[in-house]
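Colleague: What follows is a single structure, and I will ask about it in a moment.
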Amino acid sequence: MKDFKEMLELAKQKGPKIISVACAQDKEVLVAVEGARKLGIANAILVGDAEKIEQIAKAEGIDVANYEVIDIKDLAEASLKAVEMVSSGRAHIVMKGIVDTSIVLKAVLNKEVGLRTGNVLSHVALFAIPGYDRMFIVTDAAMNIAPDVATKKQIIENAVSVAHSLGIEVPKVAALCAKEKADPKMPATMEAKELEDMYNAGEFEGCMVGGPFALDNAVSEEAAKHKGMDHPMAGKADILLVPDIEAGNVLYKSMVFFARSENAGLIVGAKAPIVLTSRADSDITKLNSIALAVLAASK
């Protein structure tokens, strides 16, 4: 898959799914949801301040008669109701509206109506970067601060599941570090090597895992050749596993602001995908994220 146009087409084939939107009184969210409805990707249940939802919808030319609207003004209550819509089977995807991430995640982890599985929750970002012949997954740039090797294994498994939903049968996972050689003075490189050893021992399924890789020789075969690397995955990565949240956040924002790349983001590892984009993200990013969630929910 080379770009989001292809991904949207695939989502049309897999959809429509039902999204439950927590605190839906947000312009970009409503525009994205309407776009997904018109494309046949998803329908939505809008949970939040009904009066504000209707005001925004009217201003944007959106007919709320096409949606179920549940009027709950309290942000925490609305988030819990949106999550309950998914846990009860009425919806397939949770989407964050105009509400803090912590409030939505608290609802997701609620013991009674939440979406817990016991697995690690992690963020998966999908990028279409100008000049490359494939899309890249970056994980985890938003959830896990300093994951250990066991956590990184689950982060990889979550990302691999998303890659499979995109039609990548055997995604190549590159454990990124500052250099491509294991060095005891650089713990991230040792953890990357441990992950590769785990892969070689058969502890991963449906993917290839290698490391340590520097970013250049993970994504560029030419760069890998210049460094004399003969690793079978060199330059061919589909999934970029970052060592910690700082590296992930910098890489993520560099792709957005310097490379001007189109992107989508999800929280995975729960019983259902969670569209948890930033309030500052455009309606296009939110639409892309809905489409990615539809694919993830179709597995």
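Convention: chains lettered A, B, ... in structure tokens order; per-chain residue numbering from 1; ligands numbered from 1 as shown.
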Write down as JSON, numbers by chain the residues of segment 75-161 of chain A whose backbone DSSP state falls under helix (DSSP H, G or I).
Modeller: {"A": [75, 76, 77, 78, 79, 80, 81, 82, 83, 84, 85, 86, 87, 101, 102, 103, 104, 105, 106, 107, 108, 149, 150, 151, 152, 153, 154, 155, 156, 157, 158, 159, 160, 161]}
Colleague: Could you give me, as a ChimeraX atom specification, the residues within 10 Å of Ile290 of chain A, counting only C-alpha atoms and dropping anything in the same chain fewer than 5 positions from it?
Modeller: /A:8,11,17,19,32-33,35-36,41-42,93-95,264-266,273-277,284-285,295-296
Colleague: Within 10 Å of Ala163 of chain A, counting only C-alpha atoms, which residues show up once you throw out same-chain ones fewer than 6 positions away? Write them as JSON, numbers by chain, please.
Modeller: {"A": [124, 126, 136, 137, 157, 169, 170, 171, 172, 206, 207, 238, 239, 295, 296]}
Colleague: Export all heavy atoms of the chosen residues as a compact mmCIF listing (two decimals), in the first residue's frame?
Modeller:
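Resulting contents of result.txt:
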```txt
# COMPACT_ATOMS: atom_id res chain seq x y z
N VAL A 124 -0.25 3.38 17.44
CA VAL A 124 0.26 3.03 16.10
C VAL A 124 -0.05 4.19 15.17
O VAL A 124 -1.20 4.60 15.04
CB VAL A 124 -0.42 1.74 15.59
CG1 VAL A 124 -0.05 1.49 14.12
CG2 VAL A 124 -0.01 0.54 16.43
N LEU A 126 0.40 5.68 11.23
CA LEU A 126 0.66 5.29 9.85
C LEU A 126 0.99 6.54 9.04
O LEU A 126 0.27 7.53 9.12
CB LEU A 126 -0.56 4.58 9.25
CG LEU A 126 -0.47 4.12 7.80
CD1 LEU A 126 0.58 3.01 7.65
CD2 LEU A 126 -1.83 3.63 7.31
N PHE A 136 4.67 3.72 6.15
CA PHE A 136 5.39 3.27 7.33
C PHE A 136 4.51 3.35 8.56
O PHE A 136 3.74 4.29 8.73
CB PHE A 136 6.63 4.15 7.58
CG PHE A 136 7.72 4.00 6.57
CD1 PHE A 136 7.81 4.86 5.50
CD2 PHE A 136 8.66 2.98 6.69
CE1 PHE A 136 8.82 4.73 4.55
CE2 PHE A 136 9.68 2.84 5.75
CZ PHE A 136 9.75 3.72 4.68
N ILE A 137 4.67 2.36 9.44
CA ILE A 137 4.05 2.41 10.77
C ILE A 137 5.11 2.81 11.77
O ILE A 137 6.23 2.28 11.76
CB ILE A 137 3.44 1.04 11.14
CG1 ILE A 137 2.16 0.78 10.33
CG2 ILE A 137 3.16 0.94 12.64
CD1 ILE A 137 1.57 -0.60 10.50
N GLU A 157 3.64 -6.66 18.53
CA GLU A 157 2.51 -7.52 18.17
C GLU A 157 1.27 -6.68 17.82
O GLU A 157 0.54 -7.01 16.88
CB GLU A 157 2.22 -8.50 19.31
CG GLU A 157 3.30 -9.56 19.45
CD GLU A 157 3.24 -10.35 20.74
OE1 GLU A 157 2.50 -9.94 21.67
OE2 GLU A 157 3.93 -11.40 20.83
N GLU A 169 1.44 -8.92 4.58
CA GLU A 169 1.37 -10.29 5.11
C GLU A 169 2.47 -10.59 6.12
O GLU A 169 2.22 -11.21 7.15
CB GLU A 169 1.43 -11.30 3.96
CG GLU A 169 0.18 -11.25 3.07
CD GLU A 169 0.22 -12.29 1.96
OE1 GLU A 169 1.14 -13.15 1.98
OE2 GLU A 169 -0.65 -12.24 1.07
N VAL A 170 3.70 -10.17 5.81
CA VAL A 170 4.82 -10.40 6.73
C VAL A 170 5.57 -9.08 6.92
O VAL A 170 6.60 -8.83 6.29
CB VAL A 170 5.79 -11.49 6.19
CG1 VAL A 170 6.86 -11.81 7.24
CG2 VAL A 170 5.03 -12.75 5.82
N PRO A 171 5.04 -8.20 7.77
CA PRO A 171 5.69 -6.90 7.96
C PRO A 171 7.07 -7.03 8.58
O PRO A 171 7.30 -7.90 9.42
CB PRO A 171 4.73 -6.17 8.90
CG PRO A 171 3.95 -7.24 9.57
CD PRO A 171 3.82 -8.36 8.58
N LYS A 172 7.96 -6.16 8.15
CA LYS A 172 9.33 -6.15 8.66
C LYS A 172 9.43 -5.06 9.73
O LYS A 172 9.18 -3.89 9.46
CB LYS A 172 10.32 -5.89 7.53
CG LYS A 172 10.27 -6.95 6.44
CD LYS A 172 11.18 -6.59 5.27
CE LYS A 172 11.12 -7.66 4.17
NZ LYS A 172 9.78 -7.72 3.54
N GLY A 206 4.11 -14.08 12.22
CA GLY A 206 3.52 -13.22 11.19
C GLY A 206 4.30 -11.97 10.88
O GLY A 206 3.74 -11.00 10.36
N CYS A 207 5.59 -11.95 11.19
CA CYS A 207 6.41 -10.77 10.93
C CYS A 207 7.88 -11.15 10.96
O CYS A 207 8.24 -12.28 11.28
CB CYS A 207 6.14 -9.68 11.98
SG CYS A 207 6.65 -10.13 13.66
N ASP A 238 8.88 -1.98 7.38
CA ASP A 238 7.49 -1.51 7.28
C ASP A 238 7.05 -0.87 8.60
O ASP A 238 6.25 0.06 8.61
CB ASP A 238 6.54 -2.68 7.00
CG ASP A 238 6.89 -3.42 5.73
OD1 ASP A 238 6.81 -2.79 4.66
OD2 ASP A 238 7.24 -4.61 5.81
N ILE A 239 7.58 -1.40 9.71
CA ILE A 239 7.24 -0.92 11.05
C ILE A 239 8.50 -0.42 11.72
O ILE A 239 9.51 -1.12 11.78
CB ILE A 239 6.60 -2.04 11.90
CG1 ILE A 239 5.30 -2.52 11.25
CG2 ILE A 239 6.35 -1.56 13.33
CD1 ILE A 239 4.69 -3.75 11.93
N LEU A 295 -10.32 -0.76 9.20
CA LEU A 295 -9.53 -1.92 8.78
C LEU A 295 -9.11 -2.77 9.97
O LEU A 295 -9.20 -3.99 9.94
CB LEU A 295 -8.30 -1.45 7.99
CG LEU A 295 -8.59 -0.75 6.66
CD1 LEU A 295 -7.28 -0.33 5.99
CD2 LEU A 295 -9.39 -1.65 5.73
N ALA A 296 -8.65 -2.09 11.05
CA ALA A 296 -8.21 -2.81 12.24
C ALA A 296 -9.37 -3.57 12.88
O ALA A 296 -9.18 -4.67 13.41
CB ALA A 296 -7.60 -1.84 13.24
```
Colleague: Find the distance between atom CA of Lys14 of chain A and atom CA of Gly97 of chain A and write it in Å to one decimal.
Modeller: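 Distance between the two atoms: 23.7 Å.
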Colleague: What separation in Å, quoted to one decimal, exists between atom CA of Glu222 of chain A and atom CA of Val250 of chain A?
Modeller: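 We find that atom CA of Glu222 of chain A and atom CA of Val250 of chain A lie 23.9 Å from each other.
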Colleague: Quick one: contact table of segment 7-44 of chain A to segment 59-67 of chain A, 8 Å max, nearest atom pair and distance in Å to one decimal per residue, counting only C-alpha atoms, chain and number order, as JSON lines?
Modeller:
```
{"residue": "A:Lys27", "atom": "CA", "partner": "A:Glu60", "partner_atom": "CA", "distance": 7.8}
{"residue": "A:Val31", "atom": "CA", "partner": "A:Glu60", "partner_atom": "CA", "distance": 7.5}
{"residue": "A:Glu34", "atom": "CA", "partner": "A:Ile62", "partner_atom": "CA", "distance": 7.1}
{"residue": "A:Asn43", "atom": "CA", "partner": "A:Tyr67", "partner_atom": "CA", "distance": 7.5}
{"residue": "A:Ala44", "atom": "CA", "partner": "A:Tyr67", "partner_atom": "CA", "distance": 6.1}
```
Colleague: Could you give me, as a list in words, the residues within 10 Å of Arg260 of chain A, counting only C-alpha atoms and dropping anything in the same chain fewer than 3 positions from it?
Modeller: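 These residues fall inside the cut-off: Ala128, Ile129, Pro130, Lys253, Ser254, Met255, Val256, Phe257 and Asn263 of chain A.
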Colleague: Hey, what's within 9 Å of Arg90 of chain A if we count only C-alpha atoms and toss same-chain stuff fewer than 5 positions away? As a PyMOL selection string, please?
Modeller: chain A and resi 18+20+84-85
Colleague: Residues as selected, all heavy atoms, written as a PDB file, in the first residue's frame, can you do that?
Modeller:
```pdb
ATOM      1  N   ILE A  18     -19.415   0.963  12.721  1.00  0.00           N
ATOM      2  CA  ILE A  18     -20.060   2.007  13.529  1.00  0.00           C
ATOM      3  C   ILE A  18     -19.059   2.565  14.533  1.00  0.00           C
ATOM      4  O   ILE A  18     -18.423   1.803  15.275  1.00  0.00           O
ATOM      5  CB  ILE A  18     -21.300   1.464  14.257  1.00  0.00           C
ATOM      6  CG1 ILE A  18     -22.321   0.952  13.242  1.00  0.00           C
ATOM      7  CG2 ILE A  18     -21.926   2.546  15.150  1.00  0.00           C
ATOM      8  CD1 ILE A  18     -23.518   0.246  13.863  1.00  0.00           C
ATOM      9  N   SER A  20     -18.367   5.076  17.784  1.00  0.00           N
ATOM     10  CA  SER A  20     -18.985   5.759  18.912  1.00  0.00           C
ATOM     11  C   SER A  20     -18.058   6.913  19.300  1.00  0.00           C
ATOM     12  O   SER A  20     -16.926   6.691  19.716  1.00  0.00           O
ATOM     13  CB  SER A  20     -19.134   4.777  20.085  1.00  0.00           C
ATOM     14  OG  SER A  20     -19.730   5.407  21.193  1.00  0.00           O
ATOM     15  N   GLU A  84     -19.133   2.338  26.387  1.00  0.00           N
ATOM     16  CA  GLU A  84     -20.154   1.312  26.628  1.00  0.00           C
ATOM     17  C   GLU A  84     -20.852   0.905  25.326  1.00  0.00           C
ATOM     18  O   GLU A  84     -21.234  -0.256  25.145  1.00  0.00           O
ATOM     19  CB  GLU A  84     -21.192   1.835  27.623  1.00  0.00           C
ATOM     20  CG  GLU A  84     -22.206   0.786  28.035  1.00  0.00           C
ATOM     21  CD  GLU A  84     -23.437   1.365  28.705  1.00  0.00           C
ATOM     22  OE1 GLU A  84     -23.511   2.597  28.907  1.00  0.00           O
ATOM     23  OE2 GLU A  84     -24.340   0.576  28.995  1.00  0.00           O
ATOM     24  N   MET A  85     -20.998   1.845  24.395  1.00  0.00           N
ATOM     25  CA  MET A  85     -21.600   1.529  23.102  1.00  0.00           C
ATOM     26  C   MET A  85     -20.801   0.433  22.384  1.00  0.00           C
ATOM     27  O   MET A  85     -21.369  -0.412  21.679  1.00  0.00           O
ATOM     28  CB  MET A  85     -21.652   2.783  22.221  1.00  0.00           C
ATOM     29  CG  MET A  85     -22.621   3.854  22.645  1.00  0.00           C
ATOM     30  SD  MET A  85     -24.361   3.408  22.402  1.00  0.00           S
ATOM     31  CE  MET A  85     -24.806   3.018  24.096  1.00  0.00           C
TER      32      MET A  85
END
```
